[in-house]
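Visitor: What follows is my_file_7.txt, compact mmCIF, C-alpha atoms.
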# COMPACT_ATOMS: atom_id res chain seq x y z
CA MET F 1 40.38 12.58 -16.14
CA ASN F 2 37.03 13.54 -14.61
CA THR F 3 35.85 11.19 -11.84
CA PHE F 4 32.68 10.37 -13.73
CA THR F 5 34.33 9.32 -16.97
CA ARG F 6 35.22 6.15 -15.07
CA PRO F 7 32.54 3.63 -14.08
CA VAL F 8 30.48 5.05 -11.23
CA ARG F 9 31.14 1.98 -9.11
CA ASP F 10 34.76 3.22 -8.76
CA LEU F 11 33.36 6.11 -6.76
CA ALA F 12 31.19 3.93 -4.56
CA THR F 13 34.05 3.03 -2.23
CA LYS F 14 34.13 6.61 -0.99
CA ALA F 15 30.56 7.79 -1.64
CA ALA F 16 27.93 5.52 -0.03
CA ASP F 17 25.68 7.65 2.21
CA GLY F 18 27.63 10.82 1.43
CA LEU F 19 25.84 11.95 -1.72
CA LEU F 20 22.38 11.09 -0.45
CA TRP F 21 23.18 13.06 2.68
CA LEU F 22 24.40 15.92 0.49
CA THR F 23 20.99 15.78 -1.20
CA ALA F 24 19.39 16.35 2.19
CA LEU F 25 21.48 19.46 2.70
CA LEU F 26 20.67 20.78 -0.79
CA ASN F 27 16.99 20.20 -0.03
CA LEU F 28 17.00 21.78 3.44
CA LEU F 29 16.36 25.49 3.61
CA THR F 30 17.98 25.58 7.05
CA ALA F 31 21.32 24.63 5.54
CA ALA F 32 21.26 27.64 3.22
CA SER F 33 20.14 29.91 6.07
CA LEU F 34 22.74 28.39 8.34
CA VAL F 35 25.64 29.26 6.09
CA ALA F 36 24.51 32.88 5.90
CA ALA F 37 23.78 33.14 9.62
CA LEU F 38 27.02 31.58 10.81
CA LEU F 39 29.08 33.53 8.31
CA HIS F 40 27.50 36.60 9.87
CA VAL F 41 28.41 35.41 13.36
CA SER F 42 31.95 34.25 12.58
CA GLU F 43 32.76 36.96 10.02
CA ALA F 44 34.37 34.20 7.97
CA ARG F 45 35.00 35.01 4.35
CA ALA F 46 36.12 32.99 1.35
CA GLU F 47 37.97 34.30 -1.66
CA GLU F 48 35.88 34.57 -4.80
CA THR F 49 36.09 31.29 -6.65
CA ASP F 50 34.91 30.37 -10.12
CA CYS F 51 32.44 27.50 -10.33
CA ALA F 52 33.88 24.30 -11.74
CA GLY F 53 32.62 20.80 -12.26
CA SER F 54 31.49 18.40 -14.95
CA ASN F 55 28.07 16.96 -15.61
CA ILE F 56 27.95 13.39 -14.27
CA LEU F 57 25.39 12.26 -16.82
CA THR F 58 27.42 13.59 -19.72
CA GLY F 59 30.33 11.52 -18.46
CA LEU F 60 28.12 8.44 -18.32
CA GLU F 61 27.19 8.86 -21.97
CA HIS F 62 30.74 7.77 -22.76
CA SER F 63 31.66 5.53 -19.83
CA ASP F 64 28.45 3.60 -19.13
CA PRO F 65 25.55 4.32 -21.54
CA ALA F 66 23.60 1.30 -20.31
CA ARG F 67 23.61 2.62 -16.77
CA LEU F 68 22.61 6.05 -18.01
CA ALA F 69 19.70 4.51 -19.93
CA ALA F 70 18.56 2.71 -16.77
CA LEU F 71 18.74 5.97 -14.83
CA ARG F 72 16.69 7.77 -17.47
CA ALA F 73 14.08 5.02 -17.37
CA GLU F 74 13.84 5.24 -13.59
CA ALA F 75 13.50 9.02 -13.76
CA ALA F 76 10.79 8.79 -16.45
CA ALA F 77 8.69 6.68 -14.08
CA VAL F 78 8.68 9.37 -11.37
CA PRO F 79 5.26 11.05 -11.27
CA ASN F 80 5.40 14.80 -11.91
CA GLY F 81 9.14 14.50 -12.47
CA LYS F 82 9.40 17.26 -15.07
CA GLY F 83 8.68 20.94 -14.57
CA LEU F 84 9.54 23.66 -12.09
CA LEU F 85 6.44 25.88 -12.33
CA TRP F 86 2.94 24.55 -11.67
CA LYS F 87 -0.45 26.25 -11.85
CA ILE F 88 -2.86 25.58 -8.97
CA GLU F 89 -6.57 26.06 -9.55
CA GLY F 90 -9.73 25.31 -7.60
CA HIS F 91 -12.34 26.65 -5.21
CA GLY F 92 -13.40 29.32 -7.70
CA GLN F 93 -10.54 31.69 -6.90
CA ALA F 94 -7.74 33.25 -8.94
CA PRO F 95 -5.05 30.72 -9.83
CA SER F 96 -1.99 30.25 -7.68
CA PHE F 97 1.45 29.02 -8.71
CA LEU F 98 3.97 26.60 -7.23
CA LEU F 99 7.68 27.02 -8.02
CA GLY F 100 10.29 24.42 -7.23
CA THR F 101 13.44 26.19 -6.07
CA MET F 102 17.08 25.36 -5.52
CA HIS F 103 18.50 26.89 -2.35
CA VAL F 104 21.54 28.41 -4.06
CA THR F 105 22.75 31.81 -5.26
CA ASP F 106 23.56 30.76 -8.85
CA PRO F 107 22.40 33.66 -11.08
CA ARG F 108 20.84 31.19 -13.53
CA VAL F 109 18.67 29.81 -10.73
CA LEU F 110 17.77 33.30 -9.50
CA ALA F 111 16.49 34.16 -12.99
CA MET F 112 13.65 31.59 -12.57
CA PRO F 113 11.89 29.70 -15.39
CA GLY F 114 9.59 31.33 -17.92
CA GLY F 115 6.32 32.55 -16.43
CA ALA F 116 7.52 32.56 -12.81
CA THR F 117 8.43 36.26 -12.73
CA GLU F 118 5.00 37.21 -14.06
CA ALA F 119 3.22 34.87 -11.63
CA PHE F 120 5.17 36.34 -8.73
CA ALA F 121 4.31 39.89 -9.80
CA ARG F 122 0.57 39.11 -9.85
CA ALA F 123 0.52 37.30 -6.50
CA GLU F 124 -0.85 38.94 -3.39
CA THR F 125 0.57 36.30 -1.04
CA VAL F 126 3.98 34.62 -1.21
CA ILE F 127 4.62 31.33 0.59
CA VAL F 128 8.14 30.05 1.32
CA GLU F 129 9.39 27.18 3.45
CA SER F 130 10.27 29.51 6.33
CA ASP F 131 9.65 33.25 6.55
CA GLU F 132 12.38 33.50 9.20
CA ILE F 133 15.03 33.67 6.47
CA VAL F 134 14.37 37.35 5.72
CA ASP F 135 15.67 38.49 9.11
CA GLN F 136 19.31 37.54 9.72
CA ASN F 137 19.08 38.09 13.48
CA ARG F 138 15.85 36.13 13.69
CA ALA F 139 17.34 33.27 11.68
CA THR F 140 20.41 33.18 13.90
CA ALA F 141 18.27 33.25 17.04
CA ALA F 142 16.07 30.45 15.73
CA ILE F 143 19.11 28.30 14.95
CA MET F 144 20.62 28.89 18.39
CA MET F 145 17.30 28.65 20.27
CA GLN F 146 17.69 24.93 20.91
CA PRO F 147 21.45 24.32 21.11
CA GLU F 148 21.02 20.58 21.66
CA LEU F 149 19.79 20.28 18.08
CA THR F 150 22.95 21.74 16.62
CA MET F 151 25.69 21.40 19.23
CA PHE F 152 27.31 18.64 21.24
CA THR F 153 26.42 18.94 24.91
CA GLY F 154 28.79 18.65 27.87
CA ASP F 155 32.48 18.35 27.13
CA LYS F 156 32.12 16.49 23.84
CA THR F 157 33.35 17.95 20.56
CA ILE F 158 33.59 16.66 17.01
CA ASN F 159 37.20 15.72 17.78
CA ASP F 160 35.96 12.95 20.11
CA PHE F 161 34.48 11.15 17.10
CA LEU F 162 37.22 11.69 14.52
CA LYS F 163 40.15 9.51 13.56
CA PRO F 164 43.36 11.53 13.04
CA GLU F 165 43.16 11.21 9.26
CA ASP F 166 39.50 12.31 9.30
CA ARG F 167 40.34 15.29 11.47
CA ALA F 168 42.99 16.36 8.97
CA LEU F 169 40.47 16.00 6.13
CA LEU F 170 37.92 18.14 7.97
CA GLU F 171 40.49 20.75 8.93
CA SER F 172 41.59 21.04 5.30
CA GLY F 173 38.02 21.32 4.02
CA LEU F 174 37.21 24.10 6.48
CA LYS F 175 40.47 25.93 5.84
CA ALA F 176 39.62 26.13 2.14
CA ARG F 177 36.57 28.15 3.17
CA GLY F 178 38.42 30.39 5.62
CA ILE F 179 37.09 28.70 8.77
CA PRO F 180 39.41 27.41 11.53
CA LEU F 181 38.40 24.00 12.92
CA PRO F 182 38.39 25.21 16.59
CA LEU F 183 35.57 27.60 15.71
CA VAL F 184 33.18 24.74 14.90
CA THR F 185 34.31 21.81 17.08
CA LYS F 186 31.16 21.94 19.22
CA MET F 187 28.89 21.74 16.18
CA LYS F 188 27.23 18.48 15.18
CA PRO F 189 28.42 16.92 11.91
CA TRP F 190 25.50 18.07 9.77
CA MET F 191 26.01 21.65 10.98
CA ILE F 192 29.65 21.57 9.92
CA ALA F 193 28.56 20.13 6.59
CA SER F 194 26.66 23.32 5.86
CA PHE F 195 30.08 24.86 5.31
CA VAL F 196 31.99 22.09 3.58
CA ALA F 197 29.34 20.31 1.48
CA LEU F 198 28.85 23.23 -0.88
CA PRO F 199 31.26 23.95 -3.75
CA ALA F 200 33.64 26.81 -3.04
CA CYS F 201 31.95 29.07 -5.60
CA GLU F 202 28.57 28.80 -3.89
CA PHE F 203 30.14 29.28 -0.48
CA SER F 204 32.01 32.39 -1.61
CA ARG F 205 28.82 33.94 -3.04
CA LYS F 206 26.99 33.38 0.24
CA ALA F 207 29.99 34.75 2.14
CA ALA F 208 29.79 37.89 0.02
CA GLY F 209 26.15 38.36 1.03
CA ALA F 210 24.33 37.00 -2.03
CA SER F 211 20.77 35.80 -1.39
CA PHE F 212 19.73 32.30 -2.43
CA LEU F 213 16.53 32.08 -4.48
CA ASP F 214 14.05 31.47 -1.64
CA LYS F 215 15.47 34.31 0.43
CA LYS F 216 15.40 36.69 -2.53
CA LEU F 217 11.75 35.86 -3.22
CA ALA F 218 10.86 36.47 0.42
CA GLU F 219 12.75 39.77 0.45
CA ASP F 220 11.10 40.88 -2.80
CA ALA F 221 7.67 39.99 -1.42
CA LEU F 222 8.10 42.21 1.61
CA ARG F 223 9.58 45.05 -0.41
CA GLU F 224 6.60 44.96 -2.78
CA GLY F 225 4.04 44.91 0.04
CA LYS F 226 2.90 41.32 -0.46
CA THR F 227 1.85 39.06 2.41
CA LEU F 228 4.65 36.64 3.29
CA LYS F 229 3.90 33.27 4.90
CA GLY F 230 6.15 30.41 6.00
CA LEU F 231 5.23 26.72 6.07
CA GLU F 232 7.82 25.57 8.60
CA THR F 233 10.00 27.06 11.27
CA LEU F 234 13.76 26.72 11.06
CA VAL F 235 13.64 24.83 14.36
CA GLU F 236 11.30 22.28 12.77
CA GLN F 237 13.80 21.81 9.97
CA LEU F 238 16.64 21.52 12.47
CA SER F 239 14.68 18.86 14.34
CA ALA F 240 14.11 16.87 11.15
CA MET F 241 17.82 16.77 10.41
CA ASP F 242 18.81 16.09 14.02
CA SER F 243 16.35 13.18 14.21
CA LEU F 244 18.66 11.15 11.96
CA PRO F 245 21.37 9.15 13.80
CA VAL F 246 24.55 11.09 14.58
CA GLU F 247 26.55 8.09 13.33
CA MET F 248 25.02 8.52 9.90
CA HIS F 249 25.81 12.22 9.91
CA LEU F 250 29.42 11.68 10.96
CA LYS F 251 30.07 8.92 8.42
CA ALA F 252 28.46 10.95 5.66
CA LEU F 253 30.42 14.08 6.56
CA ILE F 254 33.72 12.25 6.18
CA GLU F 255 32.59 10.58 2.94
CA THR F 256 31.47 13.93 1.55
CA LEU F 257 34.81 15.49 2.44
CA ALA F 258 36.60 12.57 0.77
CA LEU F 259 34.76 13.35 -2.46
CA GLY F 260 36.83 16.50 -2.79
CA LYS F 261 36.24 18.20 -6.14
CA THR F 262 33.57 15.62 -7.00
CA ILE F 263 31.22 17.84 -4.97
CA ASP F 264 31.58 20.34 -7.81
CA ASP F 265 30.43 17.64 -10.27
CA VAL F 266 27.42 16.82 -8.08
CA MET F 267 26.41 20.47 -7.81
CA THR F 268 26.94 21.05 -11.54
CA THR F 269 24.80 18.05 -12.45
CA THR F 270 22.08 18.93 -9.94
CA THR F 271 21.98 22.51 -11.21
CA ASP F 272 21.86 21.41 -14.85
CA LEU F 273 18.98 19.03 -14.09
CA TYR F 274 17.19 21.73 -12.14
CA LEU F 275 17.53 24.32 -14.91
CA SER F 276 16.14 21.84 -17.42
CA GLY F 277 13.22 21.06 -15.09
CA GLU F 278 14.22 17.42 -14.63
CA THR F 279 13.46 17.27 -10.92
CA GLY F 280 12.60 13.57 -11.08
CA THR F 281 16.10 12.76 -12.29
CA ILE F 282 17.97 14.32 -9.35
CA MET F 283 17.41 11.57 -6.79
CA PRO F 284 18.11 8.70 -9.25
CA MET F 285 21.33 10.50 -10.19
CA MET F 286 22.31 10.77 -6.52
CA LYS F 287 21.49 7.12 -5.88
CA LEU F 288 23.51 6.07 -8.90
CA ALA F 289 26.51 8.06 -7.72
CA SER F 290 26.07 6.43 -4.30
CA ALA F 291 26.08 3.02 -5.99
CA GLY F 292 25.65 0.84 -2.89
CA ILE F 293 22.43 2.54 -1.73
CA SER F 294 18.93 1.68 -2.91
CA SER F 295 15.43 2.77 -1.94
CA ASP F 296 15.19 -0.45 0.08
CA ASP F 297 18.16 0.49 2.25
CA ALA F 298 17.06 1.33 5.80
CA GLY F 299 19.32 4.38 6.03
CA TYR F 300 18.07 5.84 2.77
CA ALA F 301 14.45 5.08 3.65
CA GLU F 302 14.79 6.89 6.97
CA PHE F 303 16.41 9.88 5.27
CA GLU F 304 13.69 10.05 2.63
CA GLN F 305 10.92 9.74 5.22
CA ARG F 306 12.22 12.41 7.61
CA ILE F 307 13.67 14.98 5.21
CA ILE F 308 11.28 14.75 2.26
CA ILE F 309 8.03 12.80 2.73
CA ASP F 310 7.09 13.93 6.26
CA ARG F 311 7.82 17.53 5.38
CA ASN F 312 5.85 17.29 2.12
CA ARG F 313 2.75 16.39 4.10
CA ILE F 314 3.26 19.23 6.55
CA MET F 315 3.75 21.72 3.71
CA ALA F 316 0.66 20.54 1.82
CA ASP F 317 -1.55 20.69 4.90
CA ARG F 318 -0.35 24.15 5.91
CA ALA F 319 -0.45 25.58 2.40
CA ALA F 320 -3.95 24.38 1.50
CA PRO F 321 -5.93 27.03 3.46
CA LEU F 322 -3.84 29.81 1.91
CA LEU F 323 -4.13 28.37 -1.61
CA LYS F 324 -7.91 28.19 -1.30
CA GLY F 325 -7.95 32.00 -1.28
CA GLY F 326 -6.15 32.14 -4.64
CA GLY F 327 -3.54 34.59 -5.86
CA VAL F 328 -0.64 32.81 -4.14
CA PHE F 329 2.94 32.29 -5.29
CA MET F 330 4.43 29.33 -3.41
CA ALA F 331 8.15 28.53 -3.60
CA VAL F 332 9.71 25.44 -1.99
CA GLY F 333 12.66 23.17 -2.72
CA ALA F 334 12.22 21.40 -6.07
CA LEU F 335 12.77 17.94 -4.59
CA HIS F 336 9.49 18.36 -2.71
CA LEU F 337 7.48 18.46 -5.96
CA PRO F 338 7.85 15.08 -7.76
CA GLY F 339 6.79 11.61 -6.73
CA LYS F 340 3.65 9.88 -5.49
CA GLU F 341 4.07 11.67 -2.16
CA GLY F 342 5.35 14.93 -3.63
CA LEU F 343 3.62 18.28 -3.23
CA VAL F 344 2.07 18.26 -6.70
CA GLU F 345 0.25 15.01 -5.99
CA LEU F 346 -0.58 15.92 -2.38
CA LEU F 347 -2.18 19.20 -3.46
CA ARG F 348 -4.28 17.30 -6.01
CA GLN F 349 -5.46 15.11 -3.15
CA GLN F 350 -6.47 18.32 -1.37
CA GLY F 351 -8.89 19.01 -4.25
CA PHE F 352 -6.77 21.36 -6.36
CA THR F 353 -6.13 21.04 -10.09
CA VAL F 354 -2.36 21.24 -10.53
CA THR F 355 -0.89 21.48 -14.03
CA GLN F 356 2.62 22.07 -15.31
CA VAL F 357 3.31 25.47 -16.84
CA GLU F 358 5.27 24.81 -20.03
Starting from the file, lay out its structure as structure tokens.
Guide:
Amino acid sequence: MNTFTRPVRDLATKAADGLLWLTALLNLLTAASLVAALLHVSEARAEETDCAGSNILTGLEHSDPARLAALRAEAAAVPNGKGLLWKIEGHGQAPSFLLGTMHVTDPRVLAMPGGATEAFARAETVIVESDEIVDQNRATAAIMMQPELTMFTGDKTINDFLKPEDRALLESGLKARGIPLPLVTKMKPWMIASFVALPACEFSRKAAGASFLDKKLAEDALREGKTLKGLETLVEQLSAMDSLPVEMHLKALIETLALGKTIDDVMTTTTDLYLSGETGTIMPMMKLASAGISSDDAGYAEFEQRIIIDRNRIMADRAAPLLKGGGVFMAVGALHLPGKEGLVELLRQQGFTVTQVE
């Protein structure tokens, strides 16, 4: 029986912060870059694995339709919660376009929604979260530039924080991806999660050298002679993640590991929602699966502030001067688009007209 054909509250005993924390990793370009960079360093490889997983919301249709209806109502109230491609106009220049991405190598995601390929082809300038992702050595150097952001200092290792049963769980999760625990014991919990929080199929594609969507767009831009700009540095993204308490990271790492194959269900559901343009449904789905967490919870509020809202404002401010020149194709994580403090609304506040491309 699939985990999500039972009431979601049955999962809450082992989910809690874990799925919301997993959302942070899915939304953080550094995590995708990190997997590629550290695979390059460690020469770790995973066997090719087929993607598996069931859609959580489909399961809820049978197990808890009332809860599903409440989730749909919450998602419907999210401003700009539908659509991946947005047209940006203003200042008398050629229109620009904003694409919400998912930092994965899934071929369906790489195909992009209708109109995006044409908008990219016409653009003279391409904006991504960080332009450092196109250079593997540069990305690795950026990640290692400030070791205190990613590594335990002194004699401490992850083993100092783990109970024996948690250590066994972590060792098993890493082994499934071809990585020995001793190789990563100095890494902070969220760094280790970049390996174990992704389904095996996504990990194996990255291990084989596949580019995730943002990286592919950046590579294509340079190959086609377009101007490539980044809105953040990888170190800035590292700092955002490291600013959250290590206790939260450690607890969430263990909870995420305990989810086991449920991670496949989370990724499947997130991908399905993304492909259908339902970006405003992703966070309500994650909160539902993490039943004990609400937007009033201090831990969730801190996560949302540091990983999404603060970065939205930085991206909007840094993108605005480039967008004023027109002819731009901007691609950032889809979770940055919806909401009252999402990029779509923030760009409107900057004086742009932003409309969904059907």
Visitor: Compare F:Asp317, F:Glu74, F:Asp265, F:Asp220 by their minimum atom-to-atom distance to Gln350 of chain F, counting only C-alpha atoms, and give me the closest one.
Guide: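 Nearest candidate to Gln350 of chain F out of F:Asp317, F:Glu74, F:Asp265, F:Asp220: F:Asp317.
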Visitor: Give the answer as one residue: which of F:Ser239, F:Pro107, F:Ser172, F:Leu259 has the shortest atom-to-atom distance to Met145 of chain F, using only C-alpha atoms?
Guide: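 Using only C-alpha atoms, Met145 of chain F sits closest to F:Ser239.
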Visitor: I'd like the contact shell of Leu228 of chain F - 8 Å cut-off, all atoms listed in the file, skipping same-chain residues fewer than 3 positions apart - returned as a list in words.
Guide: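 Selected residues are Thr125, Val126, Ile127, Val128, Asp131, Ala218, Ala221 and Leu222 of chain F.
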Visitor: How would the residues just picked look written out with C-alpha atoms as a PDB file, in the coordinates of the input?
Guide:
ATOM      1  CA  THR F 125       0.570  36.300  -1.040  1.00  0.00           C
ATOM      2  CA  VAL F 126       3.980  34.620  -1.210  1.00  0.00           C
ATOM      3  CA  ILE F 127       4.620  31.330   0.590  1.00  0.00           C
ATOM      4  CA  VAL F 128       8.140  30.050   1.320  1.00  0.00           C
ATOM      5  CA  ASP F 131       9.650  33.250   6.550  1.00  0.00           C
ATOM      6  CA  ALA F 218      10.860  36.470   0.420  1.00  0.00           C
ATOM      7  CA  ALA F 221       7.670  39.990  -1.420  1.00  0.00           C
ATOM      8  CA  LEU F 222       8.100  42.210   1.610  1.00  0.00           C
TER       9      LEU F 222
END
Visitor: Do you know which residues are at most 7 Å from Leu335 of chain F counting only C-alpha atoms, after dropping those on the same chain fewer than 2 positions away, and could you put them as a PyMOL selection string?
Guide: chain F and resi 27+279+333+337-338
Visitor: Scan for residues within 9 Å of the point (5.3, 25.8, -22.1) in the coordinates of the file, using all atoms listed in the file, and reply as a ChimeraX atom specification.
Guide: /F:114-115,356-358
Visitor: What is the distance, in Å and to one decimal place, between atom CA of Ala66 of chain F and atom CA of Ile282 of chain F?
Guide: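 That distance, rounded to one decimal, is 17.9 Å.
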Visitor: Could you list, with a cut-off of 10 Å and counting only C-alpha atoms, the residues of segment 232-302 of chain F near segment 83-99 of chain F, each shown with its nearest atom pair and the distance in Å rounded to one decimal, rows sorted by chain and ascending number, as a tab-separated table?
Guide:
residue	atom	partner	partner_atom	distance
F:Tyr274	CA	F:Leu84	CA	7.9
F:Leu275	CA	F:Leu84	CA	8.5
F:Ser276	CA	F:Gly83	CA	8.0
F:Gly277	CA	F:Gly83	CA	4.6
F:Glu278	CA	F:Gly83	CA	6.6
F:Thr279	CA	F:Gly83	CA	7.0
F:Gly280	CA	F:Gly83	CA	9.0
Visitor: Taking (40.0, 27.2, 1.9) in the file's coordinates, which residues come within 10 Å, counting all atoms listed in the file, written as an mmCIF file with C-alpha atoms, keeping the file's coordinate frame?
Guide:
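Result file selection32.cif:
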data_model
loop_
_atom_site.group_PDB
_atom_site.id
_atom_site.type_symbol
_atom_site.label_atom_id
_atom_site.label_comp_id
_atom_site.auth_asym_id
_atom_site.auth_seq_id
_atom_site.Cartn_x
_atom_site.Cartn_y
_atom_site.Cartn_z
ATOM 1 C CA ARG F 45 35.000 35.010 4.350
ATOM 2 C CA ALA F 46 36.120 32.990 1.350
ATOM 3 C CA GLU F 47 37.970 34.300 -1.660
ATOM 4 C CA GLU F 171 40.490 20.750 8.930
ATOM 5 C CA SER F 172 41.590 21.040 5.300
ATOM 6 C CA GLY F 173 38.020 21.320 4.020
ATOM 7 C CA LEU F 174 37.210 24.100 6.480
ATOM 8 C CA LYS F 175 40.470 25.930 5.840
ATOM 9 C CA ALA F 176 39.620 26.130 2.140
ATOM 10 C CA ARG F 177 36.570 28.150 3.170
ATOM 11 C CA GLY F 178 38.420 30.390 5.620
ATOM 12 C CA ILE F 179 37.090 28.700 8.770
ATOM 13 C CA PRO F 180 39.410 27.410 11.530
ATOM 14 C CA VAL F 196 31.990 22.090 3.580
ATOM 15 C CA ALA F 200 33.640 26.810 -3.040
#
Visitor: Quote the spacing between atom CA of Val354 of chain F and atom CA of Ile133 of chain F in Å to one decimal place.
Guide: 27.3 Å
Visitor: Determine, counting all atoms listed in the file, which protein, DNA and RNA residues have an atom within 8 Å of an atom of Leu347 of chain F; residues of the same chain fewer than 5 positions away are not included. Present the result as an mmCIF file with C-alpha atoms, keeping the file's coordinate frame.
Guide:
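Full text of selection_28.cif as output:
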data_model
loop_
_atom_site.group_PDB
_atom_site.id
_atom_site.type_symbol
_atom_site.label_atom_id
_atom_site.label_comp_id
_atom_site.auth_asym_id
_atom_site.auth_seq_id
_atom_site.Cartn_x
_atom_site.Cartn_y
_atom_site.Cartn_z
ATOM 1 C CA ALA F 316 0.660 20.540 1.820
ATOM 2 C CA ALA F 320 -3.950 24.380 1.500
ATOM 3 C CA PHE F 352 -6.770 21.360 -6.360
ATOM 4 C CA THR F 353 -6.130 21.040 -10.090
ATOM 5 C CA VAL F 354 -2.360 21.240 -10.530
#
Visitor: Which residues come within 8 Å of Met241 of chain F, counting only C-alpha atoms, excluding same-chain residues fewer than 6 positions away, as a PDB file with C-alpha atoms, keeping the file's coordinate frame?
Guide:
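And here's selection_23.pdb as it stands now:
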ATOM      1  CA  TRP F 190      25.500  18.070   9.770  1.00  0.00           C
ATOM      2  CA  ARG F 306      12.220  12.410   7.610  1.00  0.00           C
ATOM      3  CA  ILE F 307      13.670  14.980   5.210  1.00  0.00           C
TER       4      ILE F 307
END
Visitor: Calculate how many Å separate atom CA of Ala210 of chain F from atom CA of Glu132 of chain F, rounding to one decimal.
Guide: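 Going from atom CA of Ala210 of chain F over to atom CA of Glu132 of chain F, I get 16.8 Å.
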Visitor: Out of F:Asp166, F:Asp264, F:Asp272, F:Glu236, which residue has the shortest atom-to-atom distance to Lys251 of chain F when counting only C-alpha atoms?
Guide: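 Going through F:Asp166, F:Asp264, F:Asp272, F:Glu236 one by one, the smallest distance to Lys251 of chain F is for F:Asp166.
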